[in-house]
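Undergrad: Input structure: run08.pdb, which contains PDB, C-alpha atoms.
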```pdb
MODEL        1
ATOM      1  CA  MET N 327      87.321  72.472 105.907  1.00  0.00           C
ATOM      2  CA  ALA N 328      84.049  73.559 107.510  1.00  0.00           C
ATOM      3  CA  ASP N 329      84.286  77.133 106.188  1.00  0.00           C
ATOM      4  CA  ASP N 330      85.462  76.155 102.704  1.00  0.00           C
ATOM      5  CA  LYS N 331      82.504  77.835 100.978  1.00  0.00           C
ATOM      6  CA  PHE N 332      82.985  80.977 103.049  1.00  0.00           C
ATOM      7  CA  TYR N 333      86.657  81.297 102.139  1.00  0.00           C
ATOM      8  CA  SER N 334      85.930  80.467  98.504  1.00  0.00           C
ATOM      9  CA  LEU N 335      83.507  83.380  98.406  1.00  0.00           C
ATOM     10  CA  LEU N 336      86.056  85.617 100.130  1.00  0.00           C
ATOM     11  CA  ALA N 337      88.612  84.706  97.460  1.00  0.00           C
ATOM     12  CA  VAL N 338      86.196  85.721  94.711  1.00  0.00           C
ATOM     13  CA  LEU N 339      85.188  88.956  96.437  1.00  0.00           C
ATOM     14  CA  HIS N 340      88.846  89.795  97.035  1.00  0.00           C
ATOM     15  CA  GLU N 341      89.535  89.550  93.303  1.00  0.00           C
ATOM     16  CA  ILE N 342      86.459  91.605  92.410  1.00  0.00           C
ATOM     17  CA  ASN N 343      87.401  94.264  94.982  1.00  0.00           C
ATOM     18  CA  ARG N 344      90.877  94.471  93.428  1.00  0.00           C
ATOM     19  CA  ARG N 345      89.291  95.150  90.043  1.00  0.00           C
ATOM     20  CA  GLU N 346      86.940  97.770  91.460  1.00  0.00           C
ATOM     21  CA  LEU N 347      89.830  99.494  93.228  1.00  0.00           C
ATOM     22  CA  ARG N 348      91.737  99.654  89.938  1.00  0.00           C
ATOM     23  CA  ASN N 349      88.675 101.236  88.326  1.00  0.00           C
ATOM     24  CA  LYS N 350      88.433 103.867  91.080  1.00  0.00           C
ATOM     25  CA  ILE N 351      92.144 104.655  90.895  1.00  0.00           C
ATOM     26  CA  ALA N 352      91.790 105.196  87.148  1.00  0.00           C
ATOM     27  CA  LEU N 353      89.356 108.059  87.844  1.00  0.00           C
ATOM     28  CA  PHE N 354      92.098 110.193  89.390  1.00  0.00           C
ATOM     29  CA  PRO N 355      95.515 111.568  88.418  1.00  0.00           C
ATOM     30  CA  GLU N 356      98.542 109.651  89.681  1.00  0.00           C
ATOM     31  CA  ASN N 357      99.318 112.090  92.506  1.00  0.00           C
ATOM     32  CA  LEU N 358      95.960 111.205  94.140  1.00  0.00           C
ATOM     33  CA  HIS N 359      96.179 107.414  93.845  1.00  0.00           C
ATOM     34  CA  TYR N 360      97.348 107.004  97.441  1.00  0.00           C
ATOM     35  CA  TYR N 361      94.352 109.014  98.661  1.00  0.00           C
ATOM     36  CA  VAL N 362      92.073 106.642  96.724  1.00  0.00           C
ATOM     37  CA  THR N 363      93.570 103.642  98.528  1.00  0.00           C
ATOM     38  CA  VAL N 364      93.071 105.322 101.906  1.00  0.00           C
ATOM     39  CA  ALA N 365      89.529 106.462 101.063  1.00  0.00           C
ATOM     40  CA  THR N 366      88.364 103.031  99.874  1.00  0.00           C
ATOM     41  CA  SER N 367      89.793 101.420 103.015  1.00  0.00           C
ATOM     42  CA  ILE N 368      87.912 103.868 105.241  1.00  0.00           C
ATOM     43  CA  ILE N 369      84.675 103.360 103.301  1.00  0.00           C
ATOM     44  CA  GLY N 370      85.050  99.587 103.495  1.00  0.00           C
ATOM     45  CA  ALA N 371      85.494  99.716 107.263  1.00  0.00           C
ATOM     46  CA  GLU N 372      82.452 101.962 107.724  1.00  0.00           C
ATOM     47  CA  ASN N 373      80.318  99.698 105.533  1.00  0.00           C
ATOM     48  CA  ALA N 374      81.470  96.601 107.439  1.00  0.00           C
ATOM     49  CA  LYS N 375      80.272  98.104 110.725  1.00  0.00           C
ATOM     50  CA  ARG N 376      76.797  98.675 109.284  1.00  0.00           C
ATOM     51  CA  ILE N 377      76.203  95.274 107.645  1.00  0.00           C
ATOM     52  CA  SER N 378      74.848  92.715 110.098  1.00  0.00           C
ATOM     53  CA  GLU N 379      76.373  89.731 108.258  1.00  0.00           C
ATOM     54  CA  THR N 380      79.927  91.023 108.720  1.00  0.00           C
ATOM     55  CA  PRO N 381      81.820  88.848 111.243  1.00  0.00           C
ATOM     56  CA  ALA N 382      82.988  90.717 114.352  1.00  0.00           C
ATOM     57  CA  GLY N 383      86.595  89.757 113.636  1.00  0.00           C
ATOM     58  CA  VAL N 384      86.451  91.345 110.197  1.00  0.00           C
ATOM     59  CA  ILE N 385      85.098  94.583 111.662  1.00  0.00           C
ATOM     60  CA  GLU N 386      87.841  94.685 114.287  1.00  0.00           C
ATOM     61  CA  ASN N 387      90.570  94.020 111.726  1.00  0.00           C
ATOM     62  CA  SER N 388      89.162  96.677 109.381  1.00  0.00           C
ATOM     63  CA  GLU N 389      89.030  99.298 112.109  1.00  0.00           C
ATOM     64  CA  GLU N 390      92.564  98.463 113.259  1.00  0.00           C
ATOM     65  CA  PHE N 391      93.855  98.643 109.688  1.00  0.00           C
ATOM     66  CA  VAL N 392      92.235 102.020 109.056  1.00  0.00           C
ATOM     67  CA  SER N 393      93.512 103.342 112.385  1.00  0.00           C
ATOM     68  CA  LYS N 394      97.095 102.398 111.515  1.00  0.00           C
ATOM     69  CA  LEU N 395      96.681 103.735 107.991  1.00  0.00           C
ATOM     70  CA  LEU N 396      95.548 107.113 109.297  1.00  0.00           C
ATOM     71  CA  GLU N 397      98.460 107.227 111.733  1.00  0.00           C
ATOM     72  CA  ILE N 398     100.986 107.118 108.910  1.00  0.00           C
ATOM     73  CA  THR N 399      99.021 109.240 106.455  1.00  0.00           C
ATOM     74  CA  GLY N 400      99.808 112.918 106.232  1.00  0.00           C
ATOM     75  CA  PHE N 401      96.935 114.780 104.595  1.00  0.00           C
ATOM     76  CA  GLU N 402      98.902 117.746 103.381  1.00  0.00           C
ATOM     77  CA  ASP N 403      96.113 118.589 100.943  1.00  0.00           C
ATOM     78  CA  GLY N 404      92.918 118.106 102.933  1.00  0.00           C
ATOM     79  CA  ASP N 405      90.697 119.518 100.197  1.00  0.00           C
ATOM     80  CA  SER N 406      91.949 116.950  97.694  1.00  0.00           C
ATOM     81  CA  PHE N 407      91.400 114.100 100.130  1.00  0.00           C
ATOM     82  CA  ARG N 408      87.843 115.241 100.887  1.00  0.00           C
ATOM     83  CA  GLU N 409      87.091 115.362  97.173  1.00  0.00           C
ATOM     84  CA  VAL N 410      88.546 111.880  96.637  1.00  0.00           C
ATOM     85  CA  LEU N 411      86.619 110.554  99.641  1.00  0.00           C
ATOM     86  CA  GLY N 412      83.322 111.964  98.373  1.00  0.00           C
ATOM     87  CA  ILE N 413      83.773 110.620  94.849  1.00  0.00           C
ATOM     88  CA  CYS N 414      84.849 107.185  96.119  1.00  0.00           C
ATOM     89  CA  LEU N 415      81.829 107.034  98.432  1.00  0.00           C
ATOM     90  CA  ILE N 416      79.447 107.682  95.534  1.00  0.00           C
ATOM     91  CA  GLU N 417      81.308 105.224  93.282  1.00  0.00           C
ATOM     92  CA  THR N 418      81.102 102.545  95.997  1.00  0.00           C
ATOM     93  CA  LEU N 419      77.352 103.136  96.255  1.00  0.00           C
ATOM     94  CA  LYS N 420      77.084 102.807  92.481  1.00  0.00           C
ATOM     95  CA  ASP N 421      79.032  99.528  92.615  1.00  0.00           C
ATOM     96  CA  GLU N 422      76.595  98.119  95.161  1.00  0.00           C
ATOM     97  CA  LEU N 423      73.658  99.076  92.953  1.00  0.00           C
ATOM     98  CA  LYS N 424      75.117  97.999  89.596  1.00  0.00           C
ATOM     99  CA  PHE N 425      73.088  95.603  87.506  1.00  0.00           C
ATOM    100  CA  CYS N 426      75.834  92.998  87.379  1.00  0.00           C
ATOM    101  CA  CYS N 427      76.280  89.347  88.341  1.00  0.00           C
ATOM    102  CA  LEU N 428      77.837  90.242  91.680  1.00  0.00           C
ATOM    103  CA  ASN N 429      74.638  92.018  92.739  1.00  0.00           C
ATOM    104  CA  CYS N 430      72.340  89.227  91.544  1.00  0.00           C
ATOM    105  CA  ARG N 431      70.606  86.965  94.061  1.00  0.00           C
ATOM    106  CA  LEU N 432      71.721  83.976  91.992  1.00  0.00           C
ATOM    107  CA  PHE N 433      75.412  84.927  92.027  1.00  0.00           C
ATOM    108  CA  ASN N 434      76.559  82.095  94.324  1.00  0.00           C
ATOM    109  CA  THR N 435      74.515  79.554  92.372  1.00  0.00           C
ATOM    110  CA  CYS N 436      75.938  80.536  88.989  1.00  0.00           C
ATOM    111  CA  LEU N 437      79.414  80.768  90.465  1.00  0.00           C
ATOM    112  CA  ASP N 438      78.981  77.255  91.918  1.00  0.00           C
ATOM    113  CA  ILE N 439      80.588  78.408  95.132  1.00  0.00           C
ATOM    114  CA  GLY N 440      80.220  74.964  96.678  1.00  0.00           C
ATOM    115  CA  GLY N 441      82.335  73.360  93.980  1.00  0.00           C
ATOM    116  CA  LEU N 442      84.965  76.081  93.793  1.00  0.00           C
ATOM    117  CA  PRO N 443      88.355  74.569  94.795  1.00  0.00           C
ATOM    118  CA  VAL N 444      89.873  77.735  96.196  1.00  0.00           C
ATOM    119  CA  GLY N 445      88.591  78.035  99.778  1.00  0.00           C
ATOM    120  CA  GLU N 446      91.421  76.082 101.378  1.00  0.00           C
ATOM    121  CA  LEU N 447      94.022  77.990  99.353  1.00  0.00           C
ATOM    122  CA  PHE N 448      92.603  81.368 100.362  1.00  0.00           C
ATOM    123  CA  PHE N 449      92.404  80.236 103.998  1.00  0.00           C
ATOM    124  CA  ARG N 450      96.128  79.474 103.885  1.00  0.00           C
ATOM    125  CA  ARG N 451      96.766  82.952 102.525  1.00  0.00           C
ATOM    126  CA  VAL N 452      94.622  84.551 105.240  1.00  0.00           C
ATOM    127  CA  GLN N 453      96.663  82.634 107.797  1.00  0.00           C
ATOM    128  CA  GLY N 454      99.849  84.262 106.536  1.00  0.00           C
ATOM    129  CA  GLU N 455     101.120  82.010 103.741  1.00  0.00           C
ATOM    130  CA  GLU N 456     101.928  84.702 101.206  1.00  0.00           C
ATOM    131  CA  THR N 457     103.767  83.299  98.194  1.00  0.00           C
ATOM    132  CA  ALA N 458     103.638  84.208  94.526  1.00  0.00           C
ATOM    133  CA  GLU N 459     102.781  80.609  93.655  1.00  0.00           C
ATOM    134  CA  LEU N 460      99.812  80.565  96.040  1.00  0.00           C
ATOM    135  CA  ARG N 461      98.536  83.948  94.816  1.00  0.00           C
ATOM    136  CA  ASP N 462      98.776  82.855  91.184  1.00  0.00           C
ATOM    137  CA  ASP N 463      96.992  79.569  91.906  1.00  0.00           C
ATOM    138  CA  ILE N 464      94.146  81.411  93.635  1.00  0.00           C
ATOM    139  CA  SER N 465      93.879  83.941  90.794  1.00  0.00           C
ATOM    140  CA  ARG N 466      93.682  81.210  88.144  1.00  0.00           C
ATOM    141  CA  LYS N 467      90.931  79.336  89.977  1.00  0.00           C
ATOM    142  CA  VAL N 468      88.937  82.476  90.650  1.00  0.00           C
ATOM    143  CA  GLU N 469      89.284  83.598  87.022  1.00  0.00           C
ATOM    144  CA  THR N 470      87.978  80.214  85.859  1.00  0.00           C
ATOM    145  CA  ALA N 471      85.016  80.444  88.228  1.00  0.00           C
ATOM    146  CA  LEU N 472      84.134  83.963  87.068  1.00  0.00           C
ATOM    147  CA  GLN N 473      83.626  82.659  83.542  1.00  0.00           C
ATOM    148  CA  ASN N 474      80.275  81.411  84.853  1.00  0.00           C
ATOM    149  CA  THR N 475      79.337  84.989  85.739  1.00  0.00           C
ATOM    150  CA  PRO N 476      80.329  86.936  82.603  1.00  0.00           C
ATOM    151  CA  TYR N 477      78.584  90.179  83.624  1.00  0.00           C
ATOM    152  CA  VAL N 478      80.273  90.555  87.000  1.00  0.00           C
ATOM    153  CA  ILE N 479      81.715  94.002  86.234  1.00  0.00           C
ATOM    154  CA  GLY N 480      79.292  95.642  83.796  1.00  0.00           C
ATOM    155  CA  ASP N 481      75.960  97.362  84.408  1.00  0.00           C
ATOM    156  CA  GLU N 482      73.711  95.680  81.854  1.00  0.00           C
ATOM    157  CA  ALA N 483      73.017  92.227  83.312  1.00  0.00           C
ATOM    158  CA  HIS N 484      69.300  92.995  83.445  1.00  0.00           C
ATOM    159  CA  ARG N 485      69.361  93.104  79.631  1.00  0.00           C
ATOM    160  CA  LEU N 486      71.942  90.387  78.979  1.00  0.00           C
ATOM    161  CA  CYS N 487      70.751  87.695  81.403  1.00  0.00           C
ATOM    162  CA  LYS N 488      67.120  86.570  81.562  1.00  0.00           C
ATOM    163  CA  ASP N 489      67.624  85.172  85.086  1.00  0.00           C
ATOM    164  CA  PHE N 490      69.075  88.322  86.629  1.00  0.00           C
ATOM    165  CA  ILE N 491      67.442  89.339  89.920  1.00  0.00           C
ATOM    166  CA  HIS N 492      68.976  92.351  91.655  1.00  0.00           C
ATOM    167  CA  GLN N 493      69.776  91.925  95.341  1.00  0.00           C
ATOM    168  CA  TYR N 494      67.855  95.140  96.006  1.00  0.00           C
ATOM    169  CA  HIS N 495      64.262  95.911  95.097  1.00  0.00           C
ATOM    170  CA  PRO N 496      62.611  99.333  94.853  1.00  0.00           C
ATOM    171  CA  SER N 497      60.772  98.468  98.068  1.00  0.00           C
ATOM    172  CA  ASN N 498      63.936  97.970 100.149  1.00  0.00           C
ATOM    173  CA  VAL N 499      66.617  99.985  98.346  1.00  0.00           C
ATOM    174  CA  GLY N 500      66.000 102.825 100.782  1.00  0.00           C
ATOM    175  CA  GLU N 501      68.000 100.839 103.342  1.00  0.00           C
ATOM    176  CA  ILE N 502      71.197 101.116 101.326  1.00  0.00           C
ATOM    177  CA  PHE N 503      70.707 104.846 100.715  1.00  0.00           C
ATOM    178  CA  GLY N 504      70.181 105.248 104.441  1.00  0.00           C
ATOM    179  CA  ARG N 505      73.424 103.393 105.155  1.00  0.00           C
ATOM    180  CA  TYR N 506      75.474 105.549 102.800  1.00  0.00           C
ATOM    181  CA  THR N 507      73.837 108.736 104.056  1.00  0.00           C
ATOM    182  CA  GLU N 508      74.828 107.747 107.582  1.00  0.00           C
ATOM    183  CA  ILE N 509      78.412 107.136 106.441  1.00  0.00           C
ATOM    184  CA  ALA N 510      78.442 110.532 104.699  1.00  0.00           C
ATOM    185  CA  MET N 511      77.341 112.213 107.933  1.00  0.00           C
ATOM    186  CA  THR N 512      80.183 110.463 109.774  1.00  0.00           C
ATOM    187  CA  PHE N 513      82.642 111.631 107.119  1.00  0.00           C
ATOM    188  CA  GLN N 514      81.308 115.162 107.411  1.00  0.00           C
ATOM    189  CA  GLU N 515      82.167 115.145 111.115  1.00  0.00           C
ATOM    190  CA  GLN N 516      85.541 113.402 110.780  1.00  0.00           C
ATOM    191  CA  TYR N 517      86.911 114.693 107.468  1.00  0.00           C
ATOM    192  CA  GLY N 518      84.779 117.692 106.525  1.00  0.00           C
ATOM    193  CA  LEU N 519      82.999 115.903 103.650  1.00  0.00           C
ATOM    194  CA  GLU N 520      80.539 118.129 101.779  1.00  0.00           C
ATOM    195  CA  TYR N 521      77.343 116.416 102.913  1.00  0.00           C
ATOM    196  CA  LYS N 522      74.957 118.484 100.784  1.00  0.00           C
ATOM    197  CA  LYS N 523      77.007 117.749  97.678  1.00  0.00           C
ATOM    198  CA  PHE N 524      76.804 114.046  98.499  1.00  0.00           C
ATOM    199  CA  LEU N 525      73.009 114.217  98.841  1.00  0.00           C
ATOM    200  CA  GLN N 526      72.766 115.888  95.448  1.00  0.00           C
ATOM    201  CA  ALA N 527      74.789 113.069  93.888  1.00  0.00           C
ATOM    202  CA  ILE N 528      72.571 110.451  95.542  1.00  0.00           C
ATOM    203  CA  VAL N 529      69.533 111.797  93.696  1.00  0.00           C
ATOM    204  CA  SER N 530      70.983 110.901  90.280  1.00  0.00           C
ATOM    205  CA  VAL N 531      72.117 107.473  91.535  1.00  0.00           C
ATOM    206  CA  ASN N 532      68.613 106.827  92.850  1.00  0.00           C
ATOM    207  CA  MET N 533      67.000 107.826  89.564  1.00  0.00           C
ATOM    208  CA  ALA N 534      69.375 105.625  87.550  1.00  0.00           C
ATOM    209  CA  PHE N 535      68.566 102.613  89.736  1.00  0.00           C
ATOM    210  CA  PHE N 536      64.808 102.978  89.320  1.00  0.00           C
ATOM    211  CA  GLU N 537      65.160 103.485  85.558  1.00  0.00           C
ATOM    212  CA  LYS N 538      67.029 100.193  85.263  1.00  0.00           C
ATOM    213  CA  CYS N 539      64.439  98.467  87.448  1.00  0.00           C
ATOM    214  CA  ASN N 540      61.767  99.617  85.007  1.00  0.00           C
ATOM    215  CA  GLU N 541      63.868  98.369  82.082  1.00  0.00           C
ATOM    216  CA  LYS N 542      64.045  94.933  83.715  1.00  0.00           C
ATOM    217  CA  VAL N 543      60.262  94.841  84.041  1.00  0.00           C
ATOM    218  CA  LYS N 544      59.835  95.772  80.361  1.00  0.00           C
ATOM    219  CA  HIS N 545      62.174  92.956  79.272  1.00  0.00           C
ATOM    220  CA  GLN N 546      60.257  90.316  81.236  1.00  0.00           C
TER
ENDMDL
END
```
So, in terms of structure tokens, how does the structure I just supplied come out?
TA:
Amino acid sequence: MADDKFYSLLAVLHEINRRELRNKIALFPENLHYYVTVATSIIGAENAKRISETPAGVIENSEEFVSKLLEITGFEDGDSFREVLGICLIETLKDELKFCCLNCRLFNTCLDIGGLPVGELFFRRVQGEETAELRDDISRKVETALQNTPYVIGDEAHRLCKDFIHQYHPSNVGEIFGRYTEIAMTFQEQYGLEYKKFLQAIVSVNMAFFEKCNEKVKHQ
């Protein structure tokens, strides 16, 4: 299959996104878990629109999914949803800046994405073949592949792996902060997000990123 590598990578990212969603859900009490699912879906769609590599079809599907999700969602407690949305937005920014295998420029190489036998299986699932056997087979293969990237979730790869190179550099990290600031402004207009509170949170995220960059330099 011509897009085998592409669908192999999608399978891996799907599994990692599932783990990150579980981590975000764990930050909130059970009565807010549904809001977390809605918030992360909205954030994902907004990010997709602002990343040039995202295929047009993915953007369209994301927007359609969010639109339908909002149609059936009754925000009886708007204040709670705004709080969840703001926290999830910051946590998503943190995930993109984490010093982990996923954010390393060598991620695909270490993962051996070209030799990962899961692309065809995930393509079948994308096309609508949704069986427990297929899902389990994909999960097993992805789990095996992730053994080659042992620091895919943590935030200490710059200390634990001598080859770690973050996808962002202090010279271009401003682009990602600009993207999330733009999303926050959109959320302020659409959902009443506290924009100033978001900007305050960004400051600490920015400082943490530069501190870790300096740590990486010291360990070289």
Undergrad: Pick out the residues sitting within 12 Å of Cys539 of chain N, and hand them over as an MDAnalysis selection string; count all atoms listed in the file, and ignore anything fewer than 3 positions along from it in its own chain.
TA: chainID N and resid 423:425 481:485 490:497 499 532:536 542:546
Undergrad: If you measure from atom CA of Val444 of chain N to atom CA of Asp330 of chain N, what distance in Å do you get, rounded to one decimal?
TA: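 Computing the Euclidean distance for atom CA of Val444 of chain N and atom CA of Asp330 of chain N yields 8.0 Å.
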Undergrad: Using all atoms listed in the file for the distances, tell me which of N:Ile416, N:Cys487, N:Ala371, N:Cys436 is nearest to Phe503 of chain N.
TA: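 Of the candidates, the smallest distance to Phe503 of chain N is held by N:Ile416.
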Undergrad: Hey, which of N:Thr366, N:Thr457, N:Ser393, N:Ser530 ends up closest to Phe407 of chain N? Count all atoms listed in the file.
TA: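 With all atoms listed in the file as the atom set, the closest residue is N:Thr366.
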Undergrad: Atom CA of Asn498 of chain N and atom CA of Gly518 of chain N, how far apart in Å?
TA: 29.4 Å
Undergrad: Kindly give the distance, in Å, that separates atom CA of Cys414 of chain N and atom CA of Ile369 of chain N, rounded to a single decimal.
TA: 8.1 Å
Undergrad: With all atoms listed in the file as the atoms that count, which of N:Arg344, N:Thr507, N:Gln473, N:Leu353 lies nearest to Ile413 of chain N?
TA: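 Nearest candidate to Ile413 of chain N out of N:Arg344, N:Thr507, N:Gln473, N:Leu353: N:Leu353.
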Undergrad: Using all atoms listed in the file, which residue out of N:Leu437, N:Ile351, N:Ala527, N:Ala365 lies closest to Leu395 of chain N?
TA: N:Ala365
Undergrad: Edge lengths and centre in Å to one decimal, as JSON, of the axis-aligned box that encloses all listed atoms of segment 413-424 of chain N with 8 Å added on every side?
TA:
```
{"center_x": 79.3, "center_y": 104.3, "center_z": 94.0, "size_x": 27.2, "size_y": 28.6, "size_z": 24.8}
```
Undergrad: Determine, counting all atoms listed in the file, which protein, DNA and RNA residues have an atom within 10 Å of an atom of Glu508 of chain N; residues of the same chain fewer than 5 positions away are not included. Present the result as an mmCIF file with C-alpha atoms, in the coordinates of the input.
TA:
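To be explicit, this is the file written out as part.cif:
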```
data_model
loop_
_atom_site.group_PDB
_atom_site.id
_atom_site.type_symbol
_atom_site.label_atom_id
_atom_site.label_comp_id
_atom_site.auth_asym_id
_atom_site.auth_seq_id
_atom_site.Cartn_x
_atom_site.Cartn_y
_atom_site.Cartn_z
ATOM 1 C CA GLU N 372 82.452 101.962 107.724
ATOM 2 C CA ASN N 373 80.318 99.698 105.533
ATOM 3 C CA ARG N 376 76.797 98.675 109.284
ATOM 4 C CA ILE N 502 71.197 101.116 101.326
ATOM 5 C CA PHE N 503 70.707 104.846 100.715
ATOM 6 C CA PHE N 513 82.642 111.631 107.119
ATOM 7 C CA GLN N 514 81.308 115.162 107.411
#
```
Undergrad: List the neighbours of Thr435 of chain N out to 12 Å using all atoms listed in the file; skip same-chain residues closer than 6 positions along the sequence, and give me the result as a PyMOL selection string.
TA: chain N and resi 331+335+427-428+441-442+471-472+474-475+489-490
Undergrad: Can you work out which one of N:Ser406, N:Thr512, N:Ser388, N:Ser334 has the shortest atom-to-atom distance to Val362 of chain N, counting all atoms listed in the file?
TA: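 When distances to Val362 of chain N are compared using all atoms listed in the file, the smallest one comes from N:Ser406.
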Undergrad: List as an mmCIF file with C-alpha atoms, in the frame of the given file the protein and nucleic acid residues near His340 of chain N, meaning an atom at most 12 Å away when all atoms listed in the file are counted, but skip any in the same chain fewer than 2 places from it.
TA:
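What ended up in out.cif:
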```
data_model
loop_
_atom_site.group_PDB
_atom_site.id
_atom_site.type_symbol
_atom_site.label_atom_id
_atom_site.label_comp_id
_atom_site.auth_asym_id
_atom_site.auth_seq_id
_atom_site.Cartn_x
_atom_site.Cartn_y
_atom_site.Cartn_z
ATOM 1 C CA TYR N 333 86.657 81.297 102.139
ATOM 2 C CA SER N 334 85.930 80.467 98.504
ATOM 3 C CA LEU N 335 83.507 83.380 98.406
ATOM 4 C CA LEU N 336 86.056 85.617 100.130
ATOM 5 C CA ALA N 337 88.612 84.706 97.460
ATOM 6 C CA VAL N 338 86.196 85.721 94.711
ATOM 7 C CA ILE N 342 86.459 91.605 92.410
ATOM 8 C CA ASN N 343 87.401 94.264 94.982
ATOM 9 C CA ARG N 344 90.877 94.471 93.428
ATOM 10 C CA ARG N 345 89.291 95.150 90.043
ATOM 11 C CA GLU N 346 86.940 97.770 91.460
ATOM 12 C CA LEU N 347 89.830 99.494 93.228
ATOM 13 C CA PHE N 448 92.603 81.368 100.362
ATOM 14 C CA ARG N 451 96.766 82.952 102.525
ATOM 15 C CA VAL N 452 94.622 84.551 105.240
ATOM 16 C CA ARG N 461 98.536 83.948 94.816
ATOM 17 C CA ILE N 464 94.146 81.411 93.635
ATOM 18 C CA SER N 465 93.879 83.941 90.794
ATOM 19 C CA VAL N 468 88.937 82.476 90.650
ATOM 20 C CA GLU N 469 89.284 83.598 87.022
#
```
